[in-house]
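Trainee: There's a structure below that I have some questions on.
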Amino acid sequence: MKCVKIIPKSLKGSIETPPSKSISHRAIICAGLANGISKVENIEFSKDIEATLEGMKALGIKLLETKENSDTGRHSLTIEGGFPLKVMQDQIDCNESGSTLRFFIPIAVLLNKNITFTGRGKLVERPLDVYYEIFDRQGIFYETNQGKLPLKVKGKLKPGIFPVQGDISSQFISGLMLALPLLDASSKIVMTTPLESRRYVDLTIEVLRKFGIDVKKEKDSSFLIKGSQTYKNGFYRIEGDYSQAAFWMVAGILGGDINCMDLKKNSLQADQAIVDIITKMSGNIQNTFQGIRTIKSDTKAMVIDASQCPDIVPIVTVLGALSNGTTKITNAERLRIKESDRLKAIATELNKLGANIKELKDGLIIEGRKKLRGGVVESWNDHRIAMSLAIAAIRCEQPVTIVNSDAVNKSYPKFWEDYQKLGGQVEEIFMD
Ligand SMILES: O=C(O)C1=C[C@@H](OP(=O)(O)O)[C@@H](O)[C@H](O)C1
Ligand SMILES: C=C(OP(=O)(O)O)C(=O)O
C-alpha cells in the first residue's frame with residue numbers, strides 16, 4: 001500500500017487552487033443535458049470527476065475534445081450533449097463518488113431504461129432511502145443488495161410534489177433539481193426537515209441558471225421547478241475550490257505563509273466558511289489581488305456549527321487541535337456517512353499524533369495543544385482525512401507516516417505534488 005512519510009516543515013508560497021469539485025460535477029452534467037456543444041473549462045481529473053464524466057458518456061454524451069492547459073495541467077472539455085440521452089452502457093460505475101451517484105439516479109429515471117449503479121468503498125452503503133421512498137410512491141422499479149449498491153432502476157419519474165428530508169444529504173435535492181426541469185409539468189421539492197448543506201443547493205440553482213434552467217426558491221423550505229424546460233449549451237469556467245484551499249489556508253496559519261489563488265470572493269461554495277472560521281479564531285487571513293493569504297498566527301478556540309459546511313470539519317479539527325483553548329464542533333452527525341466515519345477517523349488519527357480529542361455523537365471536543373508528537377497514522381481511505389493529517393504534520397515534533405496516502409486521488413490527485421511545491425518534505429514509501 002502506498003504511504004508517505006512527512007518530515008515536519010512549514011509551508012510557504014503560492015498555490016493554484018484546484019477547481020471546485022462540486023461545481024465540476026454540476027457543470028459536466030448540465031453540459032451533457034444541453035442540446036449542442038458546450039465548453040467546460042478548468043477541470044481536474046480527480047477520481048470523482050472521472051466517474052461523472054464516464055457516467056455521462058455511458059448516457060450518450062460525446063466528449064469531443066480534451067485540451068490541457070500547459071501552465072496549470074488542468075483541462076478544457078468540449079462536450080456535445082442533448083436530451084433525451086441515448087444510453088450507451090447500462091452500467092454506471094460511480095466509484096466512491098456520492099455526488100455522482102446521487103446526481104445520476106434521478107436522471108436515470110427520466111429514461112425508462114434498465115440502468116445499474118455500482119460503486120466501491122463506503123459509497124456502497126451511503127444512504128439512498130430518500131430516492132427509494134420516491135420510487136415506492138411512484139411505482140418505479142428498483143432492486144438493491146439489501147439497500148446497498150449495486151442499484152438497478154427502471155422507470156419514468158412523474159412530476160408532482162416531492163417531500164424530502166433535508167438533513168440526510170443535500171445531494172438528493174440537487175439531484176432532483178437536475179432532473180425535474182425535464183419533466184412535462186411542474187414539480188415542487190418540499191423539505192420535511194431543515195435543509196443542511198444549504199449552500200450546495202444554492203450552488204446547484206446557480207449552475208442550472210447558467211445553463212438556462214430556472215428553479216424558484218419559494219420559502220426556505222420549498223423549491224418550484226417548472227416542467228418542459230431545456231438546458232442551453234454554453235461556456236462554463238470552474239472557479240477554485242474552497243474545500244481544497246482550506247487545507248492550505250490552515251497550513252499557512254499553522255506555520256507558514258501561503259497564498260491560495262483563483263478563489264472567487266462572492267462564491268456560493270459552502271466551504272468559504274473556512275475564511276470566517278479562521279478570522280474568528282484570530283488567524284491572520286488577508287484578501288490579496290489574486291486570492292487569499294494566510295500567515296502563521298496563534299489561534300484561539302471557538303464553537304463551530306458544521307451543519308452547513310461538513311467537508312471542512314477534518315481540517316478545522318486540525319486547527320482546533322493546535323489552537324489555544326477548547327474547540328467544539330457541533331451538528332456534525334452526517335460526517336459519519338461520508339467516505340469514512342469522519343468524526344471517528346479524524347479523532348482517532350489526530351489522537352495517535354498526540355492530540356486530545358473526544359468524540360461525541362454529533363461532534364467533537366478538541367483540547368488545543370502547542371505541538372503534536374508525530375507517528376504512523378491511517379487515511380481510512382478518505383481523501384479529506386489524508387490531507388488533514390498531512391497539514392497536522394507541520395506542527396509535529398517527529399515525522400508523520402500516512403498509510404494509504406493515495407486516497408487523495410478522489411478529489412485532489414496533485415495534492416502531494418503541491419505539498420512539495422510549498423516546501424514540504426514528502427517521501428513515498430510502500431508498506432504491506
Ligand atoms: O452537493 C455537493 O457537491 C456536496 C454536498 C455535501 O454533501 P451533503 O449534502 O451530503 O452534506 C458535501 O459534503 C459533498 O462533499 C459535496
Ligand atoms: C463527501 C464528499 O464527496 P461525495 O459526497 O461526492 O462522495 C467529499 O468530497 O468530501
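The way I read the labels, and the way they are meant: chains A, B, ... in the order of the C-alpha cells, residue 1 as the first residue of every chain, and ligand 1 as the first ligand shown, with later ones counted on from there.
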Using 6 Å as the limit and counting only C-alpha atoms and all ligand atoms, can you tabulate each residue of chain A that touches ligand 1, with its shortest atom-to-atom distance in Å and the two atoms involved, as JSON lines?

Mentor:
```
{"residue": "A:Ser22", "atom": "CA", "partner": "ligand 1", "partner_atom_place_in_ligand_line": "3 (O)", "distance": 3.9}
{"residue": "A:Ser99", "atom": "CA", "partner": "ligand 1", "partner_atom_place_in_ligand_line": "2 (C)", "distance": 5.9}
{"residue": "A:Ser169", "atom": "CA", "partner": "ligand 1", "partner_atom_place_in_ligand_line": "10 (O)", "distance": 3.4}
{"residue": "A:Ser170", "atom": "CA", "partner": "ligand 1", "partner_atom_place_in_ligand_line": "9 (O)", "distance": 3.5}
{"residue": "A:Gln171", "atom": "CA", "partner": "ligand 1", "partner_atom_place_in_ligand_line": "1 (O)", "distance": 4.8}
{"residue": "A:Ser197", "atom": "CA", "partner": "ligand 1", "partner_atom_place_in_ligand_line": "9 (O)", "distance": 4.9}
{"residue": "A:Tyr200", "atom": "CA", "partner": "ligand 1", "partner_atom_place_in_ligand_line": "1 (O)", "distance": 4.8}
{"residue": "A:Pro310", "atom": "CA", "partner": "ligand 1", "partner_atom_place_in_ligand_line": "13 (O)", "distance": 5.5}
{"residue": "A:Asp311", "atom": "CA", "partner": "ligand 1", "partner_atom_place_in_ligand_line": "13 (O)", "distance": 5.1}
```

Trainee: Taking only range 220-432 of chain A into account, list the residues labelled strand (DSSP E or B) by DSSP (computed from the backbone), as a PDB file with N, CA and C atoms, in the first residue's frame.

Mentor:
```
ATOM      1  N   SER A 222     -39.103  25.233   0.423  1.00  0.00           N
ATOM      2  CA  SER A 222     -39.605  24.568  -0.780  1.00  0.00           C
ATOM      3  C   SER A 222     -39.085  25.234  -2.064  1.00  0.00           C
ATOM      4  N   PHE A 223     -39.020  24.423  -3.108  1.00  0.00           N
ATOM      5  CA  PHE A 223     -38.458  24.865  -4.385  1.00  0.00           C
ATOM      6  C   PHE A 223     -39.434  24.482  -5.496  1.00  0.00           C
ATOM      7  N   LEU A 224     -39.707  25.436  -6.389  1.00  0.00           N
ATOM      8  CA  LEU A 224     -40.614  25.182  -7.510  1.00  0.00           C
ATOM      9  C   LEU A 224     -39.789  25.000  -8.777  1.00  0.00           C
ATOM     10  N   ILE A 225     -40.045  23.904  -9.483  1.00  0.00           N
ATOM     11  CA  ILE A 225     -39.304  23.627 -10.719  1.00  0.00           C
ATOM     12  C   ILE A 225     -40.311  23.435 -11.847  1.00  0.00           C
ATOM     13  N   LYS A 232     -29.623  24.981 -21.897  1.00  0.00           N
ATOM     14  CA  LYS A 232     -28.972  25.698 -23.013  1.00  0.00           C
ATOM     15  C   LYS A 232     -27.470  25.440 -22.959  1.00  0.00           C
ATOM     16  N   PHE A 235     -20.705  28.153 -22.284  1.00  0.00           N
ATOM     17  CA  PHE A 235     -19.325  28.087 -21.795  1.00  0.00           C
ATOM     18  C   PHE A 235     -19.354  28.228 -20.278  1.00  0.00           C
ATOM     19  N   TYR A 236     -18.583  27.393 -19.590  1.00  0.00           N
ATOM     20  CA  TYR A 236     -18.542  27.499 -18.129  1.00  0.00           C
ATOM     21  C   TYR A 236     -17.114  27.303 -17.641  1.00  0.00           C
ATOM     22  N   ARG A 237     -16.586  28.272 -16.904  1.00  0.00           N
ATOM     23  CA  ARG A 237     -15.269  28.088 -16.284  1.00  0.00           C
ATOM     24  C   ARG A 237     -15.462  27.776 -14.804  1.00  0.00           C
ATOM     25  N   GLY A 240     -12.069  28.242  -8.395  1.00  0.00           N
ATOM     26  CA  GLY A 240     -11.255  27.499  -7.429  1.00  0.00           C
ATOM     27  C   GLY A 240     -12.086  26.949  -6.266  1.00  0.00           C
ATOM     28  N   ASP A 257       3.209  30.806   5.321  1.00  0.00           N
ATOM     29  CA  ASP A 257       2.694  31.984   4.633  1.00  0.00           C
ATOM     30  C   ASP A 257       2.283  31.501   3.243  1.00  0.00           C
ATOM     31  N   ILE A 258       0.987  31.342   3.040  1.00  0.00           N
ATOM     32  CA  ILE A 258       0.508  30.727   1.791  1.00  0.00           C
ATOM     33  C   ILE A 258      -0.559  31.601   1.142  1.00  0.00           C
ATOM     34  N   ASN A 259      -0.425  31.757  -0.180  1.00  0.00           N
ATOM     35  CA  ASN A 259      -1.421  32.494  -0.934  1.00  0.00           C
ATOM     36  C   ASN A 259      -2.176  31.512  -1.830  1.00  0.00           C
ATOM     37  N   CYS A 260      -3.483  31.370  -1.600  1.00  0.00           N
ATOM     38  CA  CYS A 260      -4.302  30.491  -2.447  1.00  0.00           C
ATOM     39  C   CYS A 260      -4.932  31.336  -3.535  1.00  0.00           C
ATOM     40  N   MET A 261      -4.615  31.013  -4.783  1.00  0.00           N
ATOM     41  CA  MET A 261      -5.107  31.840  -5.885  1.00  0.00           C
ATOM     42  C   MET A 261      -6.401  31.273  -6.463  1.00  0.00           C
ATOM     43  N   ASN A 284      -4.373  35.124  11.026  1.00  0.00           N
ATOM     44  CA  ASN A 284      -4.037  36.225  10.121  1.00  0.00           C
ATOM     45  C   ASN A 284      -4.388  35.809   8.684  1.00  0.00           C
ATOM     46  N   ILE A 285      -5.524  36.300   8.202  1.00  0.00           N
ATOM     47  CA  ILE A 285      -6.011  35.934   6.857  1.00  0.00           C
ATOM     48  C   ILE A 285      -6.326  37.211   6.098  1.00  0.00           C
ATOM     49  N   GLN A 286      -5.811  37.305   4.876  1.00  0.00           N
ATOM     50  CA  GLN A 286      -5.946  38.557   4.124  1.00  0.00           C
ATOM     51  C   GLN A 286      -6.406  38.285   2.699  1.00  0.00           C
ATOM     52  N   ASN A 287      -7.216  39.198   2.176  1.00  0.00           N
ATOM     53  CA  ASN A 287      -7.550  39.138   0.748  1.00  0.00           C
ATOM     54  C   ASN A 287      -6.383  39.689  -0.029  1.00  0.00           C
ATOM     55  N   GLY A 291      -6.082  36.249  -4.612  1.00  0.00           N
ATOM     56  CA  GLY A 291      -6.652  35.174  -3.825  1.00  0.00           C
ATOM     57  C   GLY A 291      -6.727  35.491  -2.345  1.00  0.00           C
ATOM     58  N   ILE A 292      -6.373  34.510  -1.516  1.00  0.00           N
ATOM     59  CA  ILE A 292      -6.455  34.659  -0.069  1.00  0.00           C
ATOM     60  C   ILE A 292      -5.158  34.143   0.555  1.00  0.00           C
ATOM     61  N   ARG A 293      -4.582  34.987   1.447  1.00  0.00           N
ATOM     62  CA  ARG A 293      -3.298  34.658   2.041  1.00  0.00           C
ATOM     63  C   ARG A 293      -3.476  34.400   3.536  1.00  0.00           C
ATOM     64  N   THR A 294      -2.813  33.356   4.037  1.00  0.00           N
ATOM     65  CA  THR A 294      -2.819  33.120   5.490  1.00  0.00           C
ATOM     66  C   THR A 294      -1.375  33.072   5.981  1.00  0.00           C
ATOM     67  N   ILE A 295      -1.176  33.632   7.179  1.00  0.00           N
ATOM     68  CA  ILE A 295       0.173  33.764   7.731  1.00  0.00           C
ATOM     69  C   ILE A 295       0.178  33.193   9.143  1.00  0.00           C
ATOM     70  N   LYS A 300      -7.169  30.972  18.534  1.00  0.00           N
ATOM     71  CA  LYS A 300      -7.911  30.584  19.748  1.00  0.00           C
ATOM     72  C   LYS A 300      -9.151  29.771  19.371  1.00  0.00           C
ATOM     73  N   VAL A 303     -16.560  27.658  18.927  1.00  0.00           N
ATOM     74  CA  VAL A 303     -17.582  26.629  18.698  1.00  0.00           C
ATOM     75  C   VAL A 303     -17.974  26.714  17.223  1.00  0.00           C
ATOM     76  N   ILE A 304     -17.918  25.584  16.522  1.00  0.00           N
ATOM     77  CA  ILE A 304     -18.183  25.594  15.076  1.00  0.00           C
ATOM     78  C   ILE A 304     -19.385  24.698  14.770  1.00  0.00           C
ATOM     79  N   ASP A 305     -20.414  25.305  14.175  1.00  0.00           N
ATOM     80  CA  ASP A 305     -21.605  24.559  13.751  1.00  0.00           C
ATOM     81  C   ASP A 305     -21.310  23.995  12.354  1.00  0.00           C
ATOM     82  N   ASN A 324      -5.322  27.667  21.031  1.00  0.00           N
ATOM     83  CA  ASN A 324      -5.458  27.807  22.492  1.00  0.00           C
ATOM     84  C   ASN A 324      -6.904  27.601  22.908  1.00  0.00           C
ATOM     85  N   THR A 326     -10.487  25.240  24.141  1.00  0.00           N
ATOM     86  CA  THR A 326     -11.282  24.066  23.756  1.00  0.00           C
ATOM     87  C   THR A 326     -12.206  24.401  22.597  1.00  0.00           C
ATOM     88  N   THR A 327     -11.955  23.801  21.444  1.00  0.00           N
ATOM     89  CA  THR A 327     -12.810  23.995  20.268  1.00  0.00           C
ATOM     90  C   THR A 327     -13.886  22.922  20.273  1.00  0.00           C
ATOM     91  N   LYS A 328     -15.116  23.334  19.943  1.00  0.00           N
ATOM     92  CA  LYS A 328     -16.209  22.352  19.859  1.00  0.00           C
ATOM     93  C   LYS A 328     -16.769  22.355  18.451  1.00  0.00           C
ATOM     94  N   ILE A 329     -16.956  21.159  17.910  1.00  0.00           N
ATOM     95  CA  ILE A 329     -17.635  21.013  16.617  1.00  0.00           C
ATOM     96  C   ILE A 329     -19.020  20.450  16.922  1.00  0.00           C
ATOM     97  N   THR A 330     -20.065  21.145  16.457  1.00  0.00           N
ATOM     98  CA  THR A 330     -21.433  20.683  16.745  1.00  0.00           C
ATOM     99  C   THR A 330     -22.183  20.387  15.442  1.00  0.00           C
ATOM    100  N   ASN A 356      -5.677  15.801  21.732  1.00  0.00           N
ATOM    101  CA  ASN A 356      -6.611  15.405  22.781  1.00  0.00           C
ATOM    102  C   ASN A 356      -8.027  15.738  22.302  1.00  0.00           C
ATOM    103  N   ILE A 357      -8.659  14.751  21.650  1.00  0.00           N
ATOM    104  CA  ILE A 357      -9.970  14.974  21.035  1.00  0.00           C
ATOM    105  C   ILE A 357     -10.948  13.923  21.531  1.00  0.00           C
ATOM    106  N   LYS A 358     -12.104  14.411  21.966  1.00  0.00           N
ATOM    107  CA  LYS A 358     -13.144  13.485  22.419  1.00  0.00           C
ATOM    108  C   LYS A 358     -14.279  13.498  21.402  1.00  0.00           C
ATOM    109  N   GLU A 359     -14.733  12.272  21.072  1.00  0.00           N
ATOM    110  CA  GLU A 359     -15.787  12.144  20.071  1.00  0.00           C
ATOM    111  C   GLU A 359     -17.152  12.139  20.759  1.00  0.00           C
ATOM    112  N   LEU A 360     -18.071  12.962  20.242  1.00  0.00           N
ATOM    113  CA  LEU A 360     -19.451  12.935  20.730  1.00  0.00           C
ATOM    114  C   LEU A 360     -20.316  12.329  19.629  1.00  0.00           C
ATOM    115  N   GLY A 363     -20.516  15.384  17.202  1.00  0.00           N
ATOM    116  CA  GLY A 363     -19.482  16.417  17.182  1.00  0.00           C
ATOM    117  C   GLY A 363     -18.185  15.978  17.837  1.00  0.00           C
ATOM    118  N   LEU A 364     -17.357  16.976  18.122  1.00  0.00           N
ATOM    119  CA  LEU A 364     -16.048  16.713  18.721  1.00  0.00           C
ATOM    120  C   LEU A 364     -15.741  17.777  19.769  1.00  0.00           C
ATOM    121  N   ILE A 365     -14.976  17.373  20.792  1.00  0.00           N
ATOM    122  CA  ILE A 365     -14.438  18.351  21.743  1.00  0.00           C
ATOM    123  C   ILE A 365     -12.925  18.246  21.644  1.00  0.00           C
ATOM    124  N   ILE A 366     -12.298  19.363  21.333  1.00  0.00           N
ATOM    125  CA  ILE A 366     -10.878  19.360  20.995  1.00  0.00           C
ATOM    126  C   ILE A 366     -10.123  20.257  21.978  1.00  0.00           C
ATOM    127  N   GLU A 367      -9.236  19.660  22.754  1.00  0.00           N
ATOM    128  CA  GLU A 367      -8.407  20.462  23.678  1.00  0.00           C
ATOM    129  C   GLU A 367      -7.137  20.840  22.904  1.00  0.00           C
ATOM    130  N   LEU A 372       2.116  18.758  18.258  1.00  0.00           N
ATOM    131  CA  LEU A 372       1.766  17.337  18.330  1.00  0.00           C
ATOM    132  C   LEU A 372       3.074  16.548  18.255  1.00  0.00           C
ATOM    133  N   GLY A 375       4.090  10.327  14.305  1.00  0.00           N
ATOM    134  CA  GLY A 375       3.853   8.886  14.368  1.00  0.00           C
ATOM    135  C   GLY A 375       3.245   8.351  13.074  1.00  0.00           C
ATOM    136  N   VAL A 376       2.680   7.139  13.173  1.00  0.00           N
ATOM    137  CA  VAL A 376       2.108   6.481  11.988  1.00  0.00           C
ATOM    138  C   VAL A 376       0.578   6.569  12.081  1.00  0.00           C
ATOM    139  N   VAL A 377      -0.037   7.066  11.017  1.00  0.00           N
ATOM    140  CA  VAL A 377      -1.500   7.211  11.002  1.00  0.00           C
ATOM    141  C   VAL A 377      -2.077   6.641   9.706  1.00  0.00           C
ATOM    142  N   GLU A 378      -3.388   6.472   9.692  1.00  0.00           N
ATOM    143  CA  GLU A 378      -4.149   5.851   8.589  1.00  0.00           C
ATOM    144  C   GLU A 378      -5.054   6.877   7.924  1.00  0.00           C
ATOM    145  N   CYS A 396       4.201  18.869  14.014  1.00  0.00           N
ATOM    146  CA  CYS A 396       4.601  17.686  14.793  1.00  0.00           C
ATOM    147  C   CYS A 396       6.099  17.770  15.101  1.00  0.00           C
ATOM    148  N   VAL A 400       5.727  12.137  10.338  1.00  0.00           N
ATOM    149  CA  VAL A 400       4.380  11.549  10.291  1.00  0.00           C
ATOM    150  C   VAL A 400       4.305  10.644   9.060  1.00  0.00           C
ATOM    151  N   THR A 401       3.926   9.396   9.261  1.00  0.00           N
ATOM    152  CA  THR A 401       3.721   8.490   8.131  1.00  0.00           C
ATOM    153  C   THR A 401       2.224   8.298   7.952  1.00  0.00           C
ATOM    154  N   ILE A 402       1.749   8.545   6.724  1.00  0.00           N
ATOM    155  CA  ILE A 402       0.317   8.377   6.439  1.00  0.00           C
ATOM    156  C   ILE A 402       0.139   7.143   5.555  1.00  0.00           C
ATOM    157  N   VAL A 403      -0.568   6.155   6.080  1.00  0.00           N
ATOM    158  CA  VAL A 403      -0.800   4.909   5.351  1.00  0.00           C
ATOM    159  C   VAL A 403      -2.007   5.095   4.423  1.00  0.00           C
ATOM    160  N   GLN A 425       8.432  18.326   2.837  1.00  0.00           N
ATOM    161  CA  GLN A 425       9.333  17.199   2.552  1.00  0.00           C
ATOM    162  C   GLN A 425       8.540  15.903   2.685  1.00  0.00           C
ATOM    163  N   VAL A 426       8.276  15.299   1.525  1.00  0.00           N
ATOM    164  CA  VAL A 426       7.422  14.106   1.487  1.00  0.00           C
ATOM    165  C   VAL A 426       8.176  12.978   0.803  1.00  0.00           C
ATOM    166  N   GLU A 427       8.222  11.834   1.452  1.00  0.00           N
ATOM    167  CA  GLU A 427       8.902  10.688   0.843  1.00  0.00           C
ATOM    168  C   GLU A 427       7.877   9.579   0.663  1.00  0.00           C
ATOM    169  N   GLU A 428       7.793   9.038  -0.574  1.00  0.00           N
ATOM    170  CA  GLU A 428       6.825   7.961  -0.815  1.00  0.00           C
ATOM    171  C   GLU A 428       7.404   6.638  -0.362  1.00  0.00           C
ATOM    172  N   ILE A 429       6.666   5.865   0.380  1.00  0.00           N
ATOM    173  CA  ILE A 429       7.137   4.542   0.780  1.00  0.00           C
ATOM    174  C   ILE A 429       6.014   3.522   0.587  1.00  0.00           C
ATOM    175  N   PHE A 430       6.383   2.244   0.517  1.00  0.00           N
ATOM    176  CA  PHE A 430       5.369   1.196   0.377  1.00  0.00           C
ATOM    177  C   PHE A 430       5.352   0.349   1.630  1.00  0.00           C
TER     178      PHE A 430
END
```

Trainee: Using only C-alpha atoms and all ligand atoms, can you tell me which of A:Gly227, A:Gly374, A:Gly60, A:Pro314 comes closest to ligand 2?

Mentor: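 Nearest candidate to ligand 2 out of A:Gly227, A:Gly374, A:Gly60, A:Pro314: A:Pro314.
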
Trainee: Between CA of Asn114 in chain A and CA of Phe83 in chain A, what is the distance, to one decimal in Å?

Mentor: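 Computed distance, CA of Asn114 in chain A to CA of Phe83 in chain A, equals 17.4 Å.
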
Trainee: Leaving out Pro84 in chain A and any residue of its chain fewer than 3 positions from it, which residues lie within 10 Å of it when counting only C-alpha atoms, given as a list in words?

Mentor: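 In the requested form, the answer reads Leu33, Ala34, Asn35, Leu59, Gly60, Gly81, Val87, Leu110, Leu111 and Leu182 of chain A.
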
Trainee: When DSSP works through the backbone of this structure, what residues of range 143-199 of chain A end up as helix (DSSP H, G or I), shown as a list in words?

Mentor: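 Matching residues for helix (DSSP H, G or I) in range 143-199 of chain A are Gln171, Phe172, Ile173, Ser174, Gly175, Leu176, Met177, Leu178, Ala179, Leu180, Pro181, Leu182, Arg198 and Arg199 of chain A.
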
Trainee: What separation in Å, quoted to one decimal, exists between CA of Arg373 in chain A and CA of Ser10 in chain A?

Mentor: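 Atom-to-atom, CA of Arg373 in chain A to CA of Ser10 in chain A, that is 15.4 Å.
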
Trainee: Quick one: residues within 10 Å of ligand 2, with only C-alpha atoms and all ligand atoms, as a count of residues only?

Mentor: 42
